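Below: start-v5.txt (compact mmCIF, C-alpha atoms)
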```
# COMPACT_ATOMS: atom_id res chain seq x y z
CA MET A 1477 48.24 98.24 144.93
CA SER A 1478 47.05 100.53 147.72
CA ILE A 1479 44.07 102.72 146.82
CA THR A 1480 45.87 105.53 148.66
CA LYS A 1481 48.43 105.85 145.88
CA TYR A 1482 45.67 106.43 143.35
CA GLN A 1483 44.13 109.03 145.65
CA ILE A 1484 47.46 110.82 145.87
CA PHE A 1485 48.00 110.67 142.10
CA VAL A 1486 44.56 112.16 141.38
CA LYS A 1487 44.96 114.90 143.99
CA VAL A 1488 48.38 115.94 142.66
CA ALA A 1489 46.93 116.04 139.14
CA GLU A 1490 44.00 118.21 140.29
CA LEU A 1491 46.06 120.64 142.37
CA GLY A 1492 49.23 120.66 140.23
CA SER A 1493 51.50 120.53 143.25
CA LEU A 1494 52.98 117.88 145.54
CA THR A 1495 52.93 120.32 148.45
CA ARG A 1496 49.28 121.35 148.00
CA ALA A 1497 48.23 117.73 147.55
CA ALA A 1498 50.03 116.77 150.76
CA GLU A 1499 48.28 119.57 152.65
CA ALA A 1500 44.87 118.60 151.24
CA LEU A 1501 45.30 114.91 152.11
CA GLY A 1502 47.05 115.37 155.45
CA TYR A 1503 50.34 113.74 154.39
CA THR A 1504 53.89 115.02 154.35
CA GLN A 1505 55.33 116.24 151.07
CA PRO A 1506 58.04 113.51 151.04
CA ALA A 1507 55.35 110.84 151.53
CA VAL A 1508 53.40 112.16 148.55
CA ASN A 1509 56.55 112.33 146.45
CA HIS A 1510 57.45 108.75 147.42
CA SER A 1511 53.96 107.53 146.49
CA ILE A 1512 54.14 109.13 143.03
CA SER A 1513 57.66 107.75 142.48
CA SER A 1514 56.42 104.30 143.50
CA LEU A 1515 53.63 104.46 140.92
CA GLU A 1516 56.05 105.62 138.23
CA SER A 1517 58.39 102.73 139.01
CA ARG A 1518 55.53 100.25 138.82
CA PHE A 1519 54.13 101.65 135.56
CA GLY A 1520 57.51 102.14 133.92
CA PHE A 1521 57.06 105.78 132.86
CA PRO A 1522 56.83 109.24 134.48
CA LEU A 1523 53.40 110.57 135.42
CA PHE A 1524 54.35 114.23 135.88
CA TYR A 1525 56.73 116.83 134.59
CA ARG A 1526 58.10 118.30 137.82
CA SER A 1527 59.33 121.84 138.32
CA ARG A 1528 60.23 123.62 141.50
CA ASP A 1529 56.70 124.86 142.17
CA ALA A 1530 54.40 122.70 140.06
CA CYS A 1531 53.61 119.29 138.60
CA ARG A 1532 52.13 118.87 135.14
CA LEU A 1533 50.77 115.56 133.84
CA THR A 1534 52.70 113.79 131.11
CA GLU A 1535 50.75 112.42 128.16
CA ASN A 1536 50.74 108.97 129.79
CA GLY A 1537 49.65 110.52 133.06
CA GLU A 1538 46.72 112.20 131.28
CA ARG A 1539 45.64 108.85 129.87
CA LEU A 1540 45.70 107.23 133.31
CA LEU A 1541 43.88 109.98 135.18
CA ASP A 1542 40.31 109.04 134.22
CA ALA A 1543 40.99 105.35 134.91
CA CYS A 1544 42.28 106.18 138.39
CA ARG A 1545 39.25 108.38 139.05
CA GLU A 1546 37.02 105.47 138.06
CA ILE A 1547 38.84 103.22 140.53
CA LEU A 1548 38.28 105.75 143.32
CA ARG A 1549 34.62 106.18 142.39
CA GLY A 1550 34.21 102.40 142.41
CA GLU A 1551 35.83 102.12 145.82
CA GLU A 1552 33.57 104.84 147.22
CA GLU A 1553 30.51 103.21 145.67
CA ILE A 1554 31.37 99.87 147.29
CA GLU A 1555 31.68 101.53 150.68
CA ALA A 1556 28.44 103.49 150.24
CA THR A 1557 26.56 100.41 149.04
CA VAL A 1558 27.74 98.37 152.03
CA HIS A 1559 26.58 101.10 154.39
CA ALA A 1560 23.25 101.33 152.54
CA LEU A 1561 22.75 97.58 152.88
CA ASN A 1562 23.37 98.00 156.59
CA GLY A 1563 20.71 100.71 156.73
CA VAL A 1564 23.04 103.74 156.89
CA LEU A 1565 23.50 105.79 153.71
CA THR A 1566 26.96 107.40 153.61
CA GLY A 1567 29.45 108.66 151.05
CA SER A 1568 30.13 112.00 149.43
CA ILE A 1569 29.01 113.89 146.34
CA ARG A 1570 30.42 116.87 144.46
CA VAL A 1571 27.97 119.36 143.01
CA GLY A 1572 28.49 122.25 140.60
CA SER A 1573 25.96 124.99 139.90
CA LEU A 1574 25.31 128.07 137.83
CA ARG A 1575 25.39 131.24 139.92
CA SER A 1576 21.74 132.03 139.23
CA MET A 1577 20.57 128.68 140.64
CA LEU A 1578 22.53 129.30 143.84
CA THR A 1579 20.24 132.17 144.84
CA GLU A 1580 17.32 130.01 145.90
CA PHE A 1581 16.67 126.59 144.39
CA VAL A 1582 20.01 124.88 145.03
CA PRO A 1583 20.34 126.08 148.65
CA ARG A 1584 16.88 124.69 149.40
CA VAL A 1585 17.83 121.34 147.85
CA ILE A 1586 21.08 121.15 149.81
CA TYR A 1587 19.39 122.05 153.09
CA ARG A 1588 16.71 119.43 152.58
CA PHE A 1589 19.30 116.84 151.56
CA SER A 1590 21.61 117.55 154.51
CA GLN A 1591 18.68 117.20 156.91
CA ALA A 1592 17.64 113.86 155.42
CA TYR A 1593 21.16 112.43 154.94
CA PRO A 1594 23.53 113.96 157.49
CA GLN A 1595 26.10 111.19 156.98
CA ILE A 1596 26.66 112.12 153.32
CA GLY A 1597 29.27 114.77 152.65
CA LEU A 1598 28.57 117.36 149.95
CA THR A 1599 30.89 119.88 148.33
CA LEU A 1600 29.57 122.71 146.15
CA SER A 1601 31.28 124.76 143.43
CA GLU A 1602 29.97 127.77 141.53
CA LEU A 1603 30.68 127.18 137.84
CA THR A 1604 29.85 128.67 134.46
CA PHE A 1605 27.73 126.80 131.91
CA GLN A 1606 30.88 125.64 130.08
CA GLU A 1607 32.59 124.62 133.33
CA VAL A 1608 29.66 122.46 134.47
CA ALA A 1609 29.78 120.40 131.27
CA ALA A 1610 33.58 120.10 131.40
CA ALA A 1611 33.60 119.10 135.08
CA LEU A 1612 30.97 116.42 134.53
CA GLY A 1613 32.94 115.07 131.60
CA ALA A 1614 36.17 115.03 133.61
CA GLY A 1615 34.49 113.45 136.62
CA THR A 1616 35.41 116.27 139.02
CA ILE A 1617 31.73 116.79 139.91
CA ASP A 1618 28.94 114.21 140.17
CA ALA A 1619 25.97 116.47 139.40
CA GLY A 1620 25.63 119.92 137.87
CA PHE A 1621 22.79 122.43 138.03
CA THR A 1622 22.83 124.04 134.62
CA SER A 1623 20.73 125.06 131.62
CA ALA A 1624 19.79 123.35 128.38
CA PRO A 1625 20.98 122.58 125.80
CA LEU A 1626 24.05 120.59 126.82
CA PRO A 1627 26.72 119.37 124.37
CA GLU A 1628 25.16 116.88 121.96
CA ASP A 1629 27.76 114.15 122.35
CA GLY A 1630 25.61 111.81 124.43
CA LYS A 1631 27.95 111.90 127.41
CA LEU A 1632 25.68 113.90 129.72
CA ARG A 1633 22.15 113.24 130.95
CA PHE A 1634 19.96 116.31 131.58
CA THR A 1635 16.80 116.34 133.68
CA PRO A 1636 14.80 119.57 133.12
CA LEU A 1637 13.34 121.10 136.27
CA PHE A 1638 11.76 124.48 135.44
CA ASP A 1639 11.85 127.44 133.04
CA ASP A 1640 13.60 130.62 134.15
CA PRO A 1641 12.49 133.81 132.27
CA VAL A 1642 14.95 136.54 131.29
CA CYS A 1643 14.21 139.97 132.81
CA LEU A 1644 15.37 143.51 132.16
CA ILE A 1645 16.78 145.46 135.14
CA LEU A 1646 16.80 149.26 135.12
CA PRO A 1647 16.80 152.31 137.42
CA PRO A 1648 13.42 153.28 138.95
CA GLU A 1649 13.07 156.47 136.87
CA ARG A 1650 13.75 154.85 133.48
CA PRO A 1651 11.09 155.69 130.82
CA LEU A 1652 10.84 152.01 129.93
CA LEU A 1653 8.92 151.49 133.17
CA ALA A 1654 5.86 152.68 131.28
CA TYR A 1655 5.84 149.23 129.73
CA GLU A 1656 4.33 146.40 131.72
CA ARG A 1657 6.32 144.06 129.45
CA VAL A 1658 9.20 145.62 127.50
CA PRO A 1659 9.62 144.93 123.75
CA VAL A 1660 13.14 143.59 123.23
CA ARG A 1661 13.72 146.10 120.40
CA GLU A 1662 13.80 148.84 123.05
CA LEU A 1663 17.29 147.59 123.93
CA ASP A 1664 18.71 148.79 120.61
CA GLY A 1665 20.97 151.75 121.27
CA LEU A 1666 20.53 151.70 125.07
CA ASP A 1667 23.61 151.89 127.31
CA PHE A 1668 24.03 148.30 128.46
CA ILE A 1669 25.93 146.47 131.21
CA MET A 1670 27.06 143.21 129.59
CA PRO A 1671 27.79 140.05 131.61
CA ALA A 1672 31.35 138.84 131.09
CA ARG A 1673 31.97 135.94 128.70
CA GLY A 1674 31.21 132.69 130.44
CA TYR A 1675 28.44 134.36 132.45
CA ASP A 1676 26.46 135.64 129.47
CA ASP A 1677 24.21 132.61 128.90
CA VAL A 1678 21.14 134.65 129.92
CA TYR A 1679 22.01 137.28 127.29
CA GLN A 1680 22.49 134.53 124.70
CA VAL A 1681 18.94 133.32 125.31
CA ILE A 1682 17.81 136.57 123.67
CA THR A 1683 20.42 136.77 120.90
CA ASP A 1684 19.79 133.15 119.89
CA GLN A 1685 16.28 134.27 118.90
CA VAL A 1686 16.52 137.96 118.02
CA PRO A 1687 19.48 140.11 116.90
CA ILE A 1688 19.77 143.12 119.21
CA ARG A 1689 22.18 146.05 119.21
CA PRO A 1690 22.51 147.61 122.67
CA ASN A 1691 25.31 150.07 123.31
CA VAL A 1692 27.61 147.89 125.44
CA ARG A 1693 29.35 150.31 127.81
CA TYR A 1694 30.76 147.91 130.38
CA ARG A 1695 31.39 144.19 130.93
CA VAL A 1696 31.19 142.74 134.43
CA GLY A 1697 31.63 139.23 135.83
CA SER A 1698 29.44 139.79 138.87
CA ASP A 1699 25.67 140.11 139.04
CA ILE A 1700 26.08 142.34 142.09
CA ALA A 1701 28.36 144.64 140.08
CA ALA A 1702 25.80 144.80 137.26
CA VAL A 1703 23.05 145.72 139.71
CA GLY A 1704 25.24 148.40 141.29
CA MET A 1705 26.03 149.95 137.92
CA VAL A 1706 22.39 149.94 136.88
CA ALA A 1707 21.44 151.53 140.22
CA ASN A 1708 23.93 154.30 139.48
CA ARG A 1709 22.30 154.97 136.09
CA LEU A 1710 25.19 153.68 133.99
CA GLY A 1711 22.92 151.58 131.81
CA VAL A 1712 20.45 148.71 131.89
CA SER A 1713 21.18 144.99 132.10
CA ILE A 1714 19.48 141.60 132.26
CA LEU A 1715 19.12 138.92 134.92
CA SER A 1716 17.16 135.71 135.21
CA ARG A 1717 13.94 135.56 137.23
CA GLN A 1718 15.81 133.44 139.78
CA GLN A 1719 17.97 136.47 140.55
CA VAL A 1720 15.63 139.47 140.35
CA ARG A 1721 13.72 138.34 143.45
CA PHE A 1722 16.65 139.60 145.51
CA LEU A 1723 17.01 143.08 144.00
CA GLY A 1724 16.97 146.08 146.30
CA GLU A 1725 14.77 149.16 145.91
CA ARG A 1726 17.35 151.05 143.82
CA VAL A 1727 16.76 148.77 140.82
CA VAL A 1728 13.51 147.51 139.31
CA TRP A 1729 12.78 144.83 136.73
CA ARG A 1730 10.40 144.13 133.88
CA ASP A 1731 9.58 141.05 131.84
CA PHE A 1732 10.02 141.17 128.08
CA GLN A 1733 7.04 141.02 125.75
CA GLU A 1734 8.72 138.08 124.05
CA ASP A 1735 9.12 134.69 125.70
CA PHE A 1736 12.81 134.55 126.56
CA HIS A 1737 13.69 131.87 129.08
CA ARG A 1738 16.23 129.21 129.97
CA THR A 1739 15.32 125.66 130.88
CA LEU A 1740 17.17 124.88 134.10
CA GLY A 1741 17.84 121.40 135.37
CA VAL A 1742 20.34 118.94 136.78
CA ALA A 1743 22.90 117.07 134.69
CA THR A 1744 24.91 113.92 135.39
CA HIS A 1745 27.31 111.78 133.39
CA ALA A 1746 25.30 109.41 131.21
CA GLY A 1747 27.92 106.67 131.31
CA ARG A 1748 28.27 106.37 135.09
CA ARG A 1749 25.80 104.61 137.33
CA PRO A 1750 24.83 106.92 140.21
CA SER A 1751 26.22 105.94 143.60
CA PRO A 1752 23.67 105.43 146.38
CA ALA A 1753 24.57 108.89 147.71
CA LEU A 1754 24.10 110.55 144.32
CA ALA A 1755 20.84 108.68 143.72
CA ALA A 1756 19.53 109.99 147.05
CA PHE A 1757 20.56 113.52 146.09
CA LEU A 1758 18.79 113.30 142.72
CA ARG A 1759 15.63 112.07 144.44
CA THR A 1760 15.81 115.11 146.71
CA VAL A 1761 16.18 117.40 143.70
CA GLU A 1762 13.12 115.90 142.05
CA GLY A 1763 11.14 116.15 145.29
CA GLN A 1764 12.05 119.81 145.71
CA GLU A 1765 10.95 120.58 142.16
CA ALA A 1766 7.63 118.76 142.70
CA GLU A 1767 6.90 121.24 145.51
CA ARG A 1768 7.63 124.39 143.47
```
Could I get this file's structure written as structure tokens?
Amino acid sequence: MSITKYQIFVKVAELGSLTRAAEALGYTQPAVNHSISSLESRFGFPLFYRSRDACRLTENGERLLDACREILRGEEEIEATVHALNGVLTGSIRVGSLRSMLTEFVPRVIYRFSQAYPQIGLTLSELTFQEVAAALGAGTIDAGFTSAPLPEDGKLRFTPLFDDPVCLILPPERPLLAYERVPVRELDGLDFIMPARGYDDVYQVITDQVPIRPNVRYRVGSDIAAVGMVANRLGVSILSRQQVRFLGERVVWRDFQEDFHRTLGVATHAGRRPSPALAAFLRTVEGQEAER
């Protein structure tokens, strides 16, 4: 069985379309359709429910997807290992990251890694906390920069890197600036710009420890939007220390009196042995953290 057919099957499953899979892989749509039909004939059951514009996995197709991904990972690992034995480290890795870690730490890691291992391809996706865990579990990313705690099912391995304090952001003329460190109770009743669900893990760091009652006026899915609304005196909001370093002059920040912080780190799938390329990437991550 050609490995190409498994590649096509996985790509169609990920993109939900024969046409988009063909474009992504550089094949014609009839060739992709023929490959899927060939697999279905060999297996004895359909892999997809087909409609005019989309393909959706059947139950049997869902059960096969992870196995086919494992085959592709194994094939890639063989190739990378052979190259490593010949003194040239190659391959590819897929990385996901929280937005806040993309402001400084992750870009430095990727730059350092790309300089040391130019033959290794790297793709990067911005994901929410929930999406990082799901993508690692599904095998669509190899490493994820995220925060603790992760799901307690034993499937993911988390390496802590550093603590990231939670900060209050507010307009320059706000009375709270009289505080060097703001008591969290000062948030009660204040007009507040709330991060959208899925991006509110920084806010949850506080509410996991202390019940607060700000006056939530708006919800936004963008940190830039939150900063803009705070700058225009529509309320206050919160960001992580990783993000406040890049604020403009129209917004200022203060630490809280209380110790509110996330533990940020890198996660991988506990049940999969890292490929040579991924192992090299993880060593780069640890080296970057050692220099912080």
> Between CA of Tyr1675 in chain A and CA of Glu1490 in chain A, what is the spacing in Å?
Replying inline: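 Answer for the CA of Glu1490 in chain A to CA of Tyr1675 in chain A separation: 23.8 Å.
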> So which one's closest to Arg1717 in chain A, A:Glu1662, A:Asp1677, A:Asp1731, A:Asp1640? Using all atoms listed in the file, please.
Replying inline: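 Looking at the shortest contact to Arg1717 in chain A, the residue is A:Asp1640.
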>> Here is a test: counting only C-alpha atoms, which residue of A:Thr1566, A:Thr1616, A:Gln1606, A:Gln1764 is nearest to Pro1594 in chain A?
In response: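 Ranking A:Thr1566, A:Thr1616, A:Gln1606, A:Gln1764 by distance to Pro1594 in chain A, first place goes to A:Thr1566.
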> Separation of CA of Met1577 in chain A and CA of Ser1698 in chain A, in Å?
Replying inline: 14.3 Å
> From the set A:Gly1630, A:Pro1636, A:Gly1665, A:Gly1572, which residue has the shortest atom-to-atom contact distance to Thr1604 in chain A, counting only C-alpha atoms?
Replying inline: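 For Thr1604 in chain A, the nearest of the given residues is A:Gly1572.
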>> To one decimal place in Å, what is the distance between CA of Ala1702 in chain A and CA of Leu1626 in chain A?
In response: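 Going from CA of Ala1702 in chain A over to CA of Leu1626 in chain A covers 26.4 Å.
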> What lies within 8 Å of Ile1484 in chain A using all atoms listed in the file, ignoring chain neighbours under 3 positions off, as an MDAnalysis selection string?
Replying inline: chainID A and resid 1480:1481 1487:1488 1497 1501 1508 1511:1512
Restricting the output to C-alpha atoms, write the selected residues as a PDB file, in the frame of the given file.
```pdb
ATOM      1  CA  THR A1480      45.870 105.530 148.660  1.00  0.00           C
ATOM      2  CA  LYS A1481      48.430 105.850 145.880  1.00  0.00           C
ATOM      3  CA  LYS A1487      44.960 114.900 143.990  1.00  0.00           C
ATOM      4  CA  VAL A1488      48.380 115.940 142.660  1.00  0.00           C
ATOM      5  CA  ALA A1497      48.230 117.730 147.550  1.00  0.00           C
ATOM      6  CA  LEU A1501      45.300 114.910 152.110  1.00  0.00           C
ATOM      7  CA  VAL A1508      53.400 112.160 148.550  1.00  0.00           C
ATOM      8  CA  SER A1511      53.960 107.530 146.490  1.00  0.00           C
ATOM      9  CA  ILE A1512      54.140 109.130 143.030  1.00  0.00           C
TER      10      ILE A1512
END
```
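Among the candidate residues A:Arg1730, A:Arg1575, A:Arg1588, A:Arg1528, the one lying nearest to Leu1758 in chain A is A:Arg1588, with distances computed using all atoms listed in the file.
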>> Restricting the calculation to all atoms listed in the file: of A:Asp1629, A:Glu1580, A:Glu1602, A:Asp1618, which residue gets closest to His1745 in chain A?
In response: A:Asp1618
>> At a cut-off of 10 Å, using all atoms listed in the file, what residues contact Leu1740 in chain A? Leave out same-chain residues fewer than 5 positions from it and give the result as an MDAnalysis selection string.
In response: chainID A and resid 1574 1576:1577 1621:1625 1634:1640
>> Could you check the closest approach to Ala1610 in chain A for each of A:Ala1556, A:Leu1632, A:Leu1598, A:Leu1646 and tell me which residue wins, using only C-alpha atoms?
In response: A:Leu1632
> Using all atoms listed in the file, what residues lie at most 7 Å away from (17.0, 149.0, 139.7) (file coordinates), given as a ChimeraX atom specification?
Replying inline: /A:1645-1648,1703,1706-1707,1725-1729
